[in-house]
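Here the structure is laid out as structure tokens; the discussion comes afterwards.
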Amino acid sequence: MPTETQITTALAGVDDPEIGRPITELNMVETITIGTQGQVAVRILLTIAGCPLRTKIGNDIREAVTAVPGVTGVDIDFGVMTDEQRRDLRVQLCGPEAVSALAQPDSPTKVYCVVSGKGGVGKSSVTVNLAVALARRGLRVGIMDADVHGHSVPAMLGITETPTLVESMMMPPIAFGIRVISIGMFVEGNAPVVWRGPMLHRALQQFVNDVYWGELDILLIDMPPGTGDIAISLAQLLPAAQLLVVTTPQRTAARIAERAGAVAAQTGQRVAGIIENMSWYDTPDGTRHTPFGAGGATAVSRALSGLLDTHCPVLGRIPFDPAVCAAGDDGAPFVHTDPDCAPAKAVGEIAAALAPIVRRPLLVTPPNRVMA
């Protein structure tokens with residue numbers, strides 16, 4: 001006959017898909033009953049009544065408990081946490097403080113604001129594919145889509161779900177192993193977001209403080225182009241965040257990108273590096289073309305290094321490939337769909353340059369696309 005201890009041990013191997021921690025640790029297992037014939041009955045408390053991953057949780061529990069010797073069957077009864085239990089869960093996950101752990105000076109999470117001086121340089125594409133490349137290296141990664149008026153990250157990752165709300169704590173959807181939050185998850189269709197400074201600041205506060213990010217290694221923030229209210233707000237909310245400046249080789253674009261990086265001189269932030277996108281294009285016969293010129297990243301690096309009196313390196317150059325656009329439109333990043341293409345390899349090298357900064361052993365199993 002199986003024992004309650006054996007069943008509890010088996011359930012400890014089942015994680016809540018949204019939170020990523022064992023259901024036993026989250027106090028989701030209310031009761032365990034073992035019948036005389038080895039039939040096991042488990043009562044599980046879900047965070048909300050309409051939990052979108054109820055079926056997955058049930059399947060994972062059945063698989064884990066059935067593997068215990070002597071178990072002849074598994075019955076699962078789903079209940080719902082009380083308001084007090086949800087409040088306790090929020091405190092357990094986020095602590096009693098109202099300020100996010102991301103904003104603490106000793107936070108282990110590296111935060112990078114991906115910035116550009118102008119639109120159209122592929123900043124969001126770089127953000128999404130860099131996140132996937134980092135996740136494929138075993139890092140725990142999140143994306144905050146702070147480009148409120150031009151949000152595109154959910155579409156590029158194929159996310160159609162909205163966050164699950166647990167006692168004012170938002171559980172972000174997960175795609176390709178990455179936790180993602182965006183204002184695009186809260187608007188109908190392609191409706192515009194018509195907000196001014198105070199509302200933008202409040203939304204960013206919620207993204208920082210009210211989203212359950214878990215124990216991230218890296219948080220990438222897809223910033224809007226330019227140097228407006230959102231750049232100032234995030235510098236206040238996450239003062240330790242560093243900047244990744246995206247530019248194209250064109251000198252005009254590079255000069256505008258310098259302005260985005262120069263925000264660091266006003267906010268006290270650090271520029272972690274420069275990424276040049278659409279650097280060249282190779283035709284099938286092997287001829288290399290540079291339709292957008294050359295030297296943009298080098299010019300930005302030189303200018304910002306002088307302005308900030310510290311070295312701002314060029315982290316990498318990503319070639320242009322029409323398939324990149326198609327992958328983004330299909331909601332599947334090219335780093336995932338075609339990891340051997342030249343742009344994916346270039347992004348992988350940038351991820352490799354950033355990964356050693358995170359003091360955590362790297363895993364080798366790339367996460368598949370899992371959405372909450």
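Starting from 1 in every chain, residues are counted up; chains themselves are A, B, ... following the order of the structure tokens, and ligands are numbered from 1 as listed.
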Quiz prompt | Filtered DSSP result for segment 86-320 of chain A, state strand (DSSP E or B), as number ranges by chain | solution = A: 110-115, 141-145, 164-166, 169-171, 174-175, 178-182, 211, 218-222, 242-247, 270-277, 281-282, 288-289, 314-318
Quiz item: Can you tell me, as a list in words, what residues are no more than 9 Å from segment 18-22 of chain A when counting only C-alpha atoms, ignoring any on the same chain fewer than 5 positions away?
Solution: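 Residues meeting the cut-off are Leu11, Ala12, Gly13, Asn27, Met28, Leu53, Leu93, Thr164, Met171, Pro172, Pro173, Ile174, Tyr212, Trp213, Gly214 and Ala372 of chain A.
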Practice problem: Identify all residues of segment 157-317 of chain A in alpha helix (DSSP H) (DSSP on the backbone) and supply them as a PyMOL selection string. | Solution: chain A and resi 197-209+229-237+251-267+296-308
Dump as a compact mmCIF listing (two decimals), in the first residue's frame, selection limited to N, CA and C atoms:
```txt
# COMPACT_ATOMS: atom_id res chain seq x y z
N GLY A 197 1.64 60.90 -19.65
CA GLY A 197 2.68 60.54 -18.69
C GLY A 197 2.25 59.86 -17.42
N PRO A 198 1.34 60.43 -16.61
CA PRO A 198 0.98 59.80 -15.33
C PRO A 198 0.41 58.39 -15.48
N MET A 199 -0.43 58.17 -16.49
CA MET A 199 -0.99 56.83 -16.69
C MET A 199 0.08 55.85 -17.15
N LEU A 200 1.01 56.32 -17.97
CA LEU A 200 2.10 55.46 -18.40
C LEU A 200 2.94 55.03 -17.20
N HIS A 201 3.22 55.98 -16.33
CA HIS A 201 4.04 55.68 -15.15
C HIS A 201 3.34 54.66 -14.25
N ARG A 202 2.04 54.83 -14.08
CA ARG A 202 1.29 53.89 -13.24
C ARG A 202 1.29 52.49 -13.84
N ALA A 203 1.14 52.39 -15.15
CA ALA A 203 1.16 51.07 -15.79
C ALA A 203 2.52 50.40 -15.60
N LEU A 204 3.59 51.16 -15.72
CA LEU A 204 4.92 50.59 -15.54
C LEU A 204 5.15 50.17 -14.08
N GLN A 205 4.61 50.96 -13.15
CA GLN A 205 4.69 50.56 -11.75
C GLN A 205 4.04 49.20 -11.52
N GLN A 206 2.89 48.99 -12.15
CA GLN A 206 2.20 47.72 -12.00
C GLN A 206 3.01 46.59 -12.64
N PHE A 207 3.60 46.85 -13.79
CA PHE A 207 4.41 45.83 -14.45
C PHE A 207 5.60 45.43 -13.58
N VAL A 208 6.17 46.39 -12.86
CA VAL A 208 7.33 46.10 -12.02
C VAL A 208 6.91 45.46 -10.70
N ASN A 209 5.88 46.02 -10.06
CA ASN A 209 5.54 45.62 -8.69
C ASN A 209 4.47 44.54 -8.59
N ASP A 229 8.79 59.89 -21.58
CA ASP A 229 8.36 59.64 -20.20
C ASP A 229 8.72 58.25 -19.71
N ILE A 230 8.57 57.25 -20.58
CA ILE A 230 8.78 55.87 -20.14
C ILE A 230 10.24 55.64 -19.76
N ALA A 231 11.16 56.21 -20.51
CA ALA A 231 12.58 56.06 -20.17
C ALA A 231 12.88 56.66 -18.80
N ILE A 232 12.27 57.79 -18.51
CA ILE A 232 12.48 58.45 -17.21
C ILE A 232 11.85 57.62 -16.10
N SER A 233 10.62 57.14 -16.32
CA SER A 233 9.92 56.36 -15.29
C SER A 233 10.69 55.10 -14.94
N LEU A 234 11.16 54.37 -15.95
CA LEU A 234 11.85 53.11 -15.67
C LEU A 234 13.21 53.35 -15.01
N ALA A 235 13.84 54.46 -15.33
CA ALA A 235 15.09 54.80 -14.64
C ALA A 235 14.83 55.03 -13.15
N GLN A 236 13.64 55.54 -12.82
CA GLN A 236 13.27 55.74 -11.41
C GLN A 236 12.87 54.42 -10.76
N LEU A 237 12.08 53.62 -11.47
CA LEU A 237 11.58 52.37 -10.90
C LEU A 237 12.66 51.31 -10.79
N ARG A 251 24.40 56.00 -40.72
CA ARG A 251 24.94 57.01 -39.82
C ARG A 251 23.85 57.87 -39.20
N THR A 252 22.81 58.20 -39.98
CA THR A 252 21.72 59.01 -39.44
C THR A 252 21.04 58.27 -38.30
N ALA A 253 20.76 56.98 -38.49
CA ALA A 253 20.15 56.19 -37.43
C ALA A 253 21.07 56.09 -36.23
N ALA A 254 22.38 55.98 -36.49
CA ALA A 254 23.34 55.86 -35.40
C ALA A 254 23.36 57.13 -34.55
N ARG A 255 23.29 58.29 -35.19
CA ARG A 255 23.31 59.54 -34.43
C ARG A 255 22.07 59.65 -33.54
N ILE A 256 20.93 59.18 -34.05
CA ILE A 256 19.71 59.20 -33.24
C ILE A 256 19.82 58.19 -32.10
N ALA A 257 20.44 57.05 -32.37
CA ALA A 257 20.63 56.04 -31.32
C ALA A 257 21.52 56.56 -30.20
N GLU A 258 22.49 57.41 -30.56
CA GLU A 258 23.36 58.00 -29.54
C GLU A 258 22.54 58.75 -28.50
N ARG A 259 21.48 59.41 -28.95
CA ARG A 259 20.64 60.17 -28.01
C ARG A 259 19.98 59.23 -27.00
N ALA A 260 19.51 58.07 -27.49
CA ALA A 260 18.87 57.11 -26.58
C ALA A 260 19.86 56.62 -25.54
N GLY A 261 21.09 56.35 -25.97
CA GLY A 261 22.11 55.91 -25.02
C GLY A 261 22.57 57.02 -24.09
N ALA A 262 22.50 58.26 -24.57
CA ALA A 262 22.95 59.39 -23.76
C ALA A 262 22.04 59.65 -22.57
N VAL A 263 20.84 59.04 -22.58
CA VAL A 263 19.95 59.14 -21.41
C VAL A 263 20.68 58.65 -20.16
N ALA A 264 21.59 57.69 -20.34
CA ALA A 264 22.33 57.14 -19.20
C ALA A 264 23.13 58.22 -18.48
N ALA A 265 23.57 59.25 -19.21
CA ALA A 265 24.32 60.32 -18.57
C ALA A 265 23.44 61.12 -17.62
N GLN A 266 22.12 61.15 -17.91
CA GLN A 266 21.20 61.90 -17.08
C GLN A 266 20.65 61.06 -15.93
N THR A 267 20.55 59.75 -16.13
CA THR A 267 19.91 58.88 -15.14
C THR A 267 20.91 58.11 -14.28
N GLY A 296 27.65 52.08 -38.28
CA GLY A 296 26.75 52.69 -37.31
C GLY A 296 27.05 52.31 -35.87
N ALA A 297 27.21 51.01 -35.61
CA ALA A 297 27.46 50.56 -34.24
C ALA A 297 28.78 51.10 -33.71
N THR A 298 29.80 51.11 -34.57
CA THR A 298 31.10 51.62 -34.15
C THR A 298 31.01 53.10 -33.78
N ALA A 299 30.25 53.85 -34.57
CA ALA A 299 30.09 55.27 -34.29
C ALA A 299 29.36 55.50 -32.96
N VAL A 300 28.31 54.72 -32.71
CA VAL A 300 27.57 54.85 -31.45
C VAL A 300 28.46 54.47 -30.27
N SER A 301 29.22 53.39 -30.41
CA SER A 301 30.12 52.96 -29.35
C SER A 301 31.14 54.03 -29.02
N ARG A 302 31.72 54.61 -30.06
CA ARG A 302 32.73 55.63 -29.85
C ARG A 302 32.14 56.87 -29.17
N ALA A 303 30.97 57.30 -29.65
CA ALA A 303 30.35 58.51 -29.11
C ALA A 303 29.93 58.33 -27.65
N LEU A 304 29.29 57.21 -27.34
CA LEU A 304 28.82 56.99 -25.97
C LEU A 304 29.97 56.71 -25.01
N SER A 305 31.01 56.05 -25.48
CA SER A 305 32.17 55.80 -24.63
C SER A 305 32.80 57.11 -24.21
N GLY A 306 32.85 58.06 -25.15
CA GLY A 306 33.40 59.36 -24.82
C GLY A 306 32.50 60.15 -23.90
N LEU A 307 31.20 60.13 -24.18
CA LEU A 307 30.24 60.89 -23.38
C LEU A 307 30.16 60.38 -21.95
N LEU A 308 30.14 59.04 -21.78
CA LEU A 308 29.96 58.44 -20.47
C LEU A 308 31.27 58.13 -19.77
```
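Using only C-alpha atoms, the contacts of Gly158 of chain A at a cut-off of 10 Å, with sequence neighbours closer than 6 positions omitted, comprise Ala175, Phe176, Gly328, Asp329, Asp330, Gly331, Ala332, Pro333, Arg369 and Met371 of chain A.
Taking only C-alpha atoms into account, Ala294 of chain A lies nearest to A:Glu276 out of the set A:Glu161, A:Glu276, A:Asp16, A:Asp83.
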Quiz item: atom CA of Asp210 of chain A and atom CA of Pro356 of chain A are how many Å apart?
Solution: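 Separating atom CA of Asp210 of chain A from atom CA of Pro356 of chain A is a distance of 28.9 Å.
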Quiz item: Could you work out how far atom CA of Thr72 of chain A lies from atom CA of Asp15 of chain A, giving the answer in Å with one decimal?
Solution: 22.8 Å
Quiz item: Closest to Tyr281 of chain A among A:Val245, A:Gly177, A:Val314, A:Ala323, using only C-alpha atoms?
Solution: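 Selected residue with least distance to Tyr281 of chain A: A:Ala323.
A straight line drawn from atom CA of Ala155 of chain A to atom CA of Asp340 of chain A is 23.0 Å long.
Using only C-alpha atoms, the shortest contact distance between Leu219 of chain A and any of A:Arg137, A:Lys123, A:Arg270, A:Lys110 is found at A:Lys110.
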